[in-house]
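Text of coords-v6.txt, listed as compact mmCIF, C-alpha atoms:
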# COMPACT_ATOMS: atom_id res chain seq x y z
CA MET D 288 -7.25 -24.59 42.00
CA ARG D 289 -7.11 -21.42 39.93
CA ARG D 290 -4.20 -21.29 37.48
CA LEU D 291 -2.55 -17.92 37.06
CA ASP D 292 0.00 -17.01 34.42
CA GLU D 293 3.57 -15.89 35.13
CA ARG D 294 2.96 -12.18 34.47
CA ASN D 295 0.69 -11.90 37.48
CA GLY D 296 3.25 -13.16 40.00
CA LEU D 297 2.55 -10.45 42.58
CA GLU D 298 -1.19 -11.00 42.39
CA TYR D 299 -0.60 -14.75 42.88
CA TYR D 300 1.53 -14.18 45.99
CA LEU D 301 -1.09 -11.81 47.43
CA TRP D 302 -3.76 -14.46 46.75
CA LEU D 303 -1.55 -17.02 48.51
CA PHE D 304 -0.96 -14.61 51.42
CA THR D 305 -4.72 -14.22 51.88
CA ARG D 306 -5.10 -18.02 52.21
CA LEU D 307 -2.03 -18.56 54.43
CA SER D 308 -2.85 -15.65 56.76
CA ALA D 309 -6.41 -17.01 57.01
CA ILE D 310 -5.08 -20.39 58.17
CA LEU D 311 -2.77 -18.72 60.69
CA MET D 312 -5.53 -16.46 62.05
CA LEU D 313 -7.93 -19.41 62.40
CA CYS D 314 -5.22 -21.35 64.31
CA ALA D 315 -4.50 -18.28 66.46
CA GLY D 316 -8.20 -17.95 67.33
CA ALA D 317 -8.48 -21.65 68.22
CA ALA D 318 -5.29 -21.48 70.31
CA GLY D 319 -6.62 -18.38 72.08
CA ILE D 320 -9.86 -20.13 73.06
CA VAL D 321 -7.93 -23.18 74.34
CA TYR D 322 -5.52 -20.97 76.33
CA ALA D 323 -8.35 -18.87 77.81
CA ASN D 324 -10.12 -22.04 78.94
CA LEU D 325 -6.95 -23.58 80.42
CA TRP D 326 -6.04 -20.49 82.48
CA GLY D 327 -9.21 -18.51 83.01
CA ARG D 328 -12.16 -20.87 82.62
CA THR D 329 -13.71 -20.05 85.97
CA LEU D 330 -12.55 -16.43 85.95
CA MET D 331 -13.35 -15.20 82.47
CA ASP D 332 -16.85 -14.81 81.07
CA ALA D 333 -17.72 -15.74 77.50
CA PRO D 334 -17.26 -12.25 75.96
CA ALA D 335 -13.81 -11.95 77.57
CA GLN D 336 -12.81 -15.34 76.14
CA TYR D 337 -14.10 -14.24 72.73
CA ARG D 338 -12.24 -10.93 72.92
CA TRP D 339 -9.06 -12.73 74.05
CA ALA D 340 -9.30 -15.29 71.24
CA PHE D 341 -9.89 -12.50 68.73
CA PHE D 342 -6.86 -10.51 69.89
CA PRO D 343 -4.79 -11.62 72.94
CA ILE D 344 -4.02 -8.22 74.44
CA TYR D 345 -4.40 -7.91 78.22
CA TRP D 346 -7.00 -5.15 77.91
CA HIS D 347 -9.34 -7.84 76.66
CA VAL D 348 -9.26 -9.69 80.01
CA GLN D 349 -9.08 -6.67 82.33
CA ASN D 350 -12.74 -6.18 83.17
CA THR D 351 -13.14 -9.73 84.47
CA ASP D 352 -12.34 -11.48 87.75
CA VAL D 353 -8.80 -12.44 86.63
CA PRO D 354 -6.72 -11.52 89.72
CA ASP D 355 -3.21 -10.84 88.43
CA VAL D 356 -3.17 -9.93 84.77
CA PHE D 357 0.55 -9.58 84.17
CA PRO D 358 2.28 -12.97 84.56
CA VAL D 359 -0.18 -14.99 82.48
CA TRP D 360 -1.96 -12.52 80.20
CA SER D 361 0.66 -9.88 79.53
CA ASN D 362 4.25 -10.68 78.62
CA ALA D 363 6.71 -10.53 75.74
CA PHE D 364 5.30 -13.69 74.18
CA TRP D 365 1.84 -12.18 73.81
CA ARG D 366 3.30 -8.89 72.54
CA VAL D 367 5.06 -10.71 69.72
CA TRP D 368 1.92 -12.84 69.10
CA CYS D 369 -0.26 -9.69 68.95
CA THR D 370 2.13 -7.91 66.59
CA ILE D 371 2.21 -10.86 64.17
CA LEU D 372 -1.58 -11.21 64.39
CA LEU D 373 -2.08 -7.47 63.85
CA PHE D 374 0.17 -7.54 60.79
CA LEU D 375 -1.56 -10.59 59.29
CA ALA D 376 -5.05 -9.22 59.99
CA SER D 377 -4.45 -5.69 58.75
CA TRP D 378 -2.60 -6.83 55.61
CA HIS D 379 -5.31 -9.45 54.90
CA GLY D 380 -8.04 -6.84 55.45
CA PHE D 381 -6.60 -3.93 53.49
CA ASN D 382 -5.50 -6.21 50.65
CA GLY D 383 -9.09 -7.51 50.58
CA LEU D 384 -10.34 -3.93 50.41
CA ARG D 385 -7.98 -3.31 47.46
CA VAL D 386 -9.38 -6.37 45.63
CA VAL D 387 -12.97 -5.17 46.19
CA VAL D 388 -12.12 -1.62 45.08
CA GLU D 389 -10.41 -2.92 41.91
CA ASP D 390 -13.61 -4.77 41.05
CA TYR D 391 -15.85 -1.72 41.20
CA LEU D 392 -13.63 1.30 40.50
CA HIS D 393 -12.46 1.57 36.89
CA PRO D 394 -10.87 5.03 36.15
CA PRO D 395 -7.09 4.31 36.27
CA VAL D 396 -5.89 7.56 37.90
CA LEU D 397 -8.59 7.44 40.57
CA LEU D 398 -7.76 3.77 41.18
CA ILE D 399 -4.08 4.61 41.81
CA LEU D 400 -5.07 7.40 44.24
CA VAL D 401 -7.51 5.18 46.12
CA LYS D 402 -4.96 2.34 46.31
CA GLY D 403 -2.40 4.79 47.68
CA PHE D 404 -4.94 5.93 50.26
CA ILE D 405 -5.61 2.29 51.24
CA GLY D 406 -1.85 1.81 51.72
CA LEU D 407 -1.75 4.90 53.97
CA LEU D 408 -4.71 3.63 56.00
CA PHE D 409 -2.94 0.26 56.41
CA MET D 410 0.21 1.95 57.73
CA PHE D 411 -1.90 4.17 60.01
CA VAL D 412 -3.89 1.32 61.58
CA PHE D 413 -0.89 -1.04 61.83
CA GLY D 414 1.23 1.73 63.36
CA ALA D 415 -1.45 2.71 65.89
CA GLY D 416 -2.02 -0.94 66.83
CA THR D 417 1.71 -1.55 67.30
CA VAL D 418 1.96 1.50 69.57
CA ILE D 419 -0.98 0.17 71.63
CA ILE D 420 0.73 -3.24 71.96
CA PHE D 421 4.17 -1.92 72.95
CA GLU D 422 3.58 1.46 74.58
CA TRP D 423 0.61 0.87 76.86
CA PHE D 424 0.83 -2.86 77.37
CA MET P 10 -5.79 -12.99 35.29
CA ARG P 11 -8.01 -10.43 33.60
CA ARG P 12 -10.46 -8.78 35.91
CA GLN P 13 -14.04 -8.51 34.83
CA ARG P 14 -15.41 -4.97 34.73
CA THR P 15 -18.31 -5.02 37.11
CA SER P 16 -20.44 -2.51 38.91
CA PHE P 17 -21.86 -2.68 42.39
CA TRP P 18 -25.43 -2.99 41.11
CA GLU P 19 -24.52 -5.83 38.75
CA THR P 20 -23.22 -7.72 41.78
CA LEU P 21 -26.55 -7.36 43.54
CA ARG P 22 -28.60 -8.22 40.43
CA TYR P 23 -26.49 -11.25 39.47
CA ARG P 24 -28.68 -14.34 39.80
CA GLY P 25 -26.04 -16.83 40.85
CA GLY P 26 -28.12 -18.51 43.50
CA ILE P 27 -26.66 -19.52 46.85
CA GLY P 28 -23.04 -19.49 45.57
CA ALA P 29 -23.29 -15.79 44.67
CA ALA P 30 -25.14 -15.00 47.89
CA VAL P 31 -22.42 -16.47 50.14
CA TRP P 32 -19.79 -14.66 48.02
CA VAL P 33 -21.53 -11.29 48.48
CA LEU P 34 -21.95 -11.98 52.20
CA HIS P 35 -18.22 -12.83 52.43
CA ARG P 36 -17.35 -9.43 50.95
CA VAL P 37 -19.83 -7.51 53.09
CA THR P 38 -18.71 -9.22 56.33
CA GLY P 39 -15.04 -8.72 55.37
CA LEU P 40 -15.59 -4.99 54.82
CA GLY P 41 -17.57 -4.88 58.07
CA ILE P 42 -14.68 -6.40 60.05
CA LEU P 43 -12.18 -4.05 58.39
CA LEU P 44 -14.27 -0.96 59.13
CA LEU P 45 -15.24 -1.82 62.71
CA VAL P 46 -11.87 -3.20 63.84
CA SER P 47 -9.96 -0.28 62.26
CA VAL P 48 -12.29 2.17 64.01
CA HIS P 49 -11.81 0.24 67.28
CA VAL P 50 -7.99 0.26 66.98
CA MET P 51 -7.86 3.98 66.11
CA ALA P 52 -10.31 4.85 68.90
CA ALA P 53 -8.28 2.84 71.44
CA PHE P 54 -5.11 4.58 70.24
CA LEU P 55 -6.60 8.08 70.45
CA MET P 56 -8.31 7.37 73.77
CA ASN P 57 -4.94 6.54 75.32
CA ALA P 58 -3.05 9.31 73.55
CA LEU P 59 -5.50 12.17 74.12
CA ASP P 60 -8.21 10.89 76.49
CA ASP P 61 -10.73 12.91 74.46
CA PRO P 62 -14.53 12.49 74.65
CA ILE P 63 -14.97 11.50 70.99
CA SER P 64 -12.78 8.39 71.03
CA THR P 65 -14.22 7.44 74.42
CA ALA P 66 -17.72 7.66 72.93
CA VAL P 67 -16.62 5.65 69.85
CA THR P 68 -15.16 2.93 72.13
CA ARG P 69 -18.38 2.79 74.17
CA TRP P 70 -20.36 2.51 70.93
CA TYR P 71 -18.07 -0.31 69.72
CA GLU P 72 -18.56 -2.15 73.02
CA SER P 73 -22.36 -1.78 72.95
CA ARG P 74 -24.45 -4.94 72.51
CA PRO P 75 -25.73 -4.45 68.91
CA VAL P 76 -22.25 -3.66 67.57
CA GLN P 77 -20.73 -6.66 69.42
CA VAL P 78 -23.40 -8.95 67.92
CA PHE P 79 -22.70 -7.50 64.46
CA VAL P 80 -18.91 -7.91 64.86
CA TYR P 81 -19.43 -11.49 66.06
CA PHE P 82 -21.67 -12.19 63.04
CA CYS P 83 -19.07 -10.77 60.62
CA VAL P 84 -16.08 -12.55 62.18
CA LEU P 85 -17.78 -15.93 62.51
CA TYR P 86 -19.34 -15.87 59.03
CA HIS P 87 -16.11 -14.64 57.38
CA ALA P 88 -14.05 -17.27 59.23
CA LEU P 89 -16.36 -20.20 58.42
CA ASN P 90 -16.91 -19.21 54.80
CA GLY P 91 -13.20 -18.53 54.37
CA LEU P 92 -12.42 -21.96 55.81
CA ARG P 93 -14.78 -23.57 53.27
CA VAL P 94 -13.15 -21.63 50.39
CA LEU P 95 -9.71 -22.68 51.70
CA LEU P 96 -10.67 -26.37 51.85
CA GLU P 97 -12.15 -26.24 48.36
CA ASP P 98 -8.98 -24.55 47.04
CA LEU P 99 -6.66 -27.07 48.71
CA CYS P 100 -8.74 -30.09 47.74
CA PRO P 101 -10.62 -29.41 44.46
CA PRO P 102 -12.55 -32.75 44.48
CA LEU P 103 -14.52 -31.22 47.37
CA LEU P 104 -16.11 -28.88 44.82
CA ARG P 105 -18.37 -31.77 43.80
CA HIS P 106 -20.02 -31.28 47.20
CA HIS P 107 -19.98 -27.47 46.99
CA ARG P 108 -23.68 -27.04 47.83
CA GLU P 109 -23.61 -29.57 50.64
CA LEU P 110 -20.57 -27.83 52.13
CA ILE P 111 -22.46 -24.53 52.09
CA TRP P 112 -25.39 -26.15 53.91
CA LEU P 113 -22.94 -27.71 56.40
CA GLN P 114 -21.42 -24.27 56.91
CA TRP P 115 -24.86 -22.82 57.76
CA ALA P 116 -25.63 -25.78 60.01
CA ILE P 117 -22.49 -24.90 62.02
CA PHE P 118 -22.98 -21.15 61.78
CA ILE P 119 -26.57 -20.88 63.04
CA PRO P 120 -26.09 -22.45 66.51
CA VAL P 121 -22.52 -21.17 67.02
CA PHE P 122 -23.67 -17.65 66.17
CA GLY P 123 -27.19 -17.79 67.52
CA LEU P 124 -26.57 -18.90 71.09
CA PRO P 125 -23.81 -16.43 72.07
CA ALA P 126 -25.56 -13.65 70.11
CA PHE P 127 -28.73 -14.31 72.11
CA PHE P 128 -26.75 -14.18 75.37
CA ILE P 129 -24.92 -10.99 74.37
CA ALA P 130 -28.17 -9.31 73.23
CA GLN P 131 -29.98 -10.28 76.45
CA GLY P 132 -27.03 -9.15 78.57
CA ILE P 133 -27.07 -12.54 80.33
CA VAL P 134 -23.29 -12.81 80.22
CA ILE P 135 -21.53 -10.09 82.17
CA GLY P 136 -18.81 -7.82 80.83
CA ASN P 137 -21.16 -6.46 78.19
CA PRO P 138 -22.55 -2.97 78.90
Could you write out this file's structure as structure tokens?
Amino acid sequence: MRRLDERNGLEYYLWLFTRLSAILMLCAGAAGIVYANLWGRTLMDAPAQYRWAFFPIYWHVQNTDVPDVFPVWSNAFWRVWCTILLFLASWHGFNGLRVVVEDYLHPPVLLILVKGFIGLLFMFVFGAGTVIIFEWF
Amino acid sequence: MRRQRTSFWETLRYRGGIGAAVWVLHRVTGLGILLLVSVHVMAAFLMNALDDPISTAVTRWYESRPVQVFVYFCVLYHALNGLRVLLEDLCPPLLRHHRELIWLQWAIFIPVFGLPAFFIAQGIVIGNP
């Protein structure tokens, strides 16, 4: 394992977050496939199962033969699940973008501006996704 | 940790063999997921908020077969490679079998990607315009 010194505490915790969120997202994907096969094996086609495992929002099962979407595929449990997953995924993704940008972009002022822009994009995408989950669920 | 000053072209020219290749692919697929999924989320948001033709067209483009195959490639590769990196970080003795693990990763990736990608591309499975 990589050893990091004390001064880079924040960077270490972000590194750790990337690993932990990866584990959680892998488990969420596996759980989604298992759930889709338990409840909709004969009703959902493969792309619907893949979309559901990727992000368990009821839109992702709508265009299939599933008869009644709401009791099984759309409830408070999945809203909370989706919000957690959206937070993990967007933070993991935009933090990854920051790491890539820091590797290739060297002027300090420009770097601060671009990192600020990445933060704005994160808030924008996370906010829009949360509205989708709670407003039009 | 002191970051190395690198440029994009140095990354492509670096002759690190298969280890560097999977690292570059991890970055590219990660950026691909970020771009496509962010576009998809924003398009879904705007489609419901405004019902405008642009976000509807973007959503249709995202749901088209080539883009779905590309998204599936990015997600599956990034997940499998990330899992290998995770295992190597948690259990450093595994690094002795670094190359074998990469070959194992490809042995899993090729059928698990290839079969569904073939079905999606051929339109054999329904729900895929």
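Residue neighbourhood of Ala318 of chain D, excluding near-sequence residues (fewer than 6 positions): Leu311, Met312, Asn324, Leu325, Gln336, Tyr337, Trp339, Ala340, Phe341, Phe342, Pro343 and Trp368 of chain D, at 12 Å, using all atoms listed in the file.
The closest residue to chain P, picked from D:Val386, D:Ala333, D:Leu301, D:Met410 and counting only C-alpha atoms, is D:Ala333.
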Using only C-alpha atoms, the shortest atom-to-atom distance to Ala53 of chain P among D:Val359, D:Val321, D:Phe409, D:His347 belongs to D:His347
Residue neighbourhood Leu372 of chain D, 12 Å, all atoms listed in the file, exclusion window fewer than 2 positions, as a PyMOL selection string:
chain D and resi 308-316+319+340-344+365-370+374-380+413+416-417+420
Taking all atoms listed in the file into account, which of D:Tyr345, D:Phe404, D:Tyr391, D:Phe411 comes nearest chain P?
D:Tyr391
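In this model, the gap between atom CA of Arg385 of chain D and atom CA of Lys402 of chain D comes to 6.5 Å.
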Surrounding residues of Leu55 of chain P excluding itself and chain neighbours under 5 positions, 8 Å, all atoms listed in the file, as number ranges by chain
P: 60-61, 64
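Our summary of the geometry notes that atom CA of Ala130 of chain P is positioned 14.8 Å from atom CA of Asp332 of chain D.
Proximity ranking of P:Arg74, P:His87, P:Arg69, P:Arg93 relative to Leu43 of chain P places P:His87 first, based on only C-alpha atoms.
For the pair atom CA of Leu330 of chain D and atom CA of Val353 of chain D, the interatomic distance is 5.5 Å.
Taking only C-alpha atoms into account, the polymer residues that have an atom no farther than 10 Å from (-19.1, -4.6, 66.2) are Gly41, Ile42, Leu44, Leu45, Val46, Val48, His49, Trp70, Tyr71, Glu72, Ser73, Arg74, Pro75, Val76, Gln77, Val78, Phe79, Val80, Tyr81, Phe82, Cys83 and Val84 of chain P.
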Mind checking which residues fall within 10 Å of Phe118 of chain P, counting only C-alpha atoms, ignoring those fewer than 2 positions away in the same chain, and posting them as number ranges by chain?
P: 82, 85-86, 89-90, 112-116, 120-123
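Shortest atom-to-atom contact with chain D among P:Leu34, P:Gly91, P:Gln131, P:Val67: P:Gly91, counting all atoms listed in the file.
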Need to verify the contact set: Val94 of chain P, 12 Å, only C-alpha atoms, exclusion of same-chain residues closer than 5 positions in sequence. Can you return it as a ChimeraX atom specification?
/D:288,305-306,309-310 /P:28,31-32,35,87-89,99-101,103-104,107,110-111,114
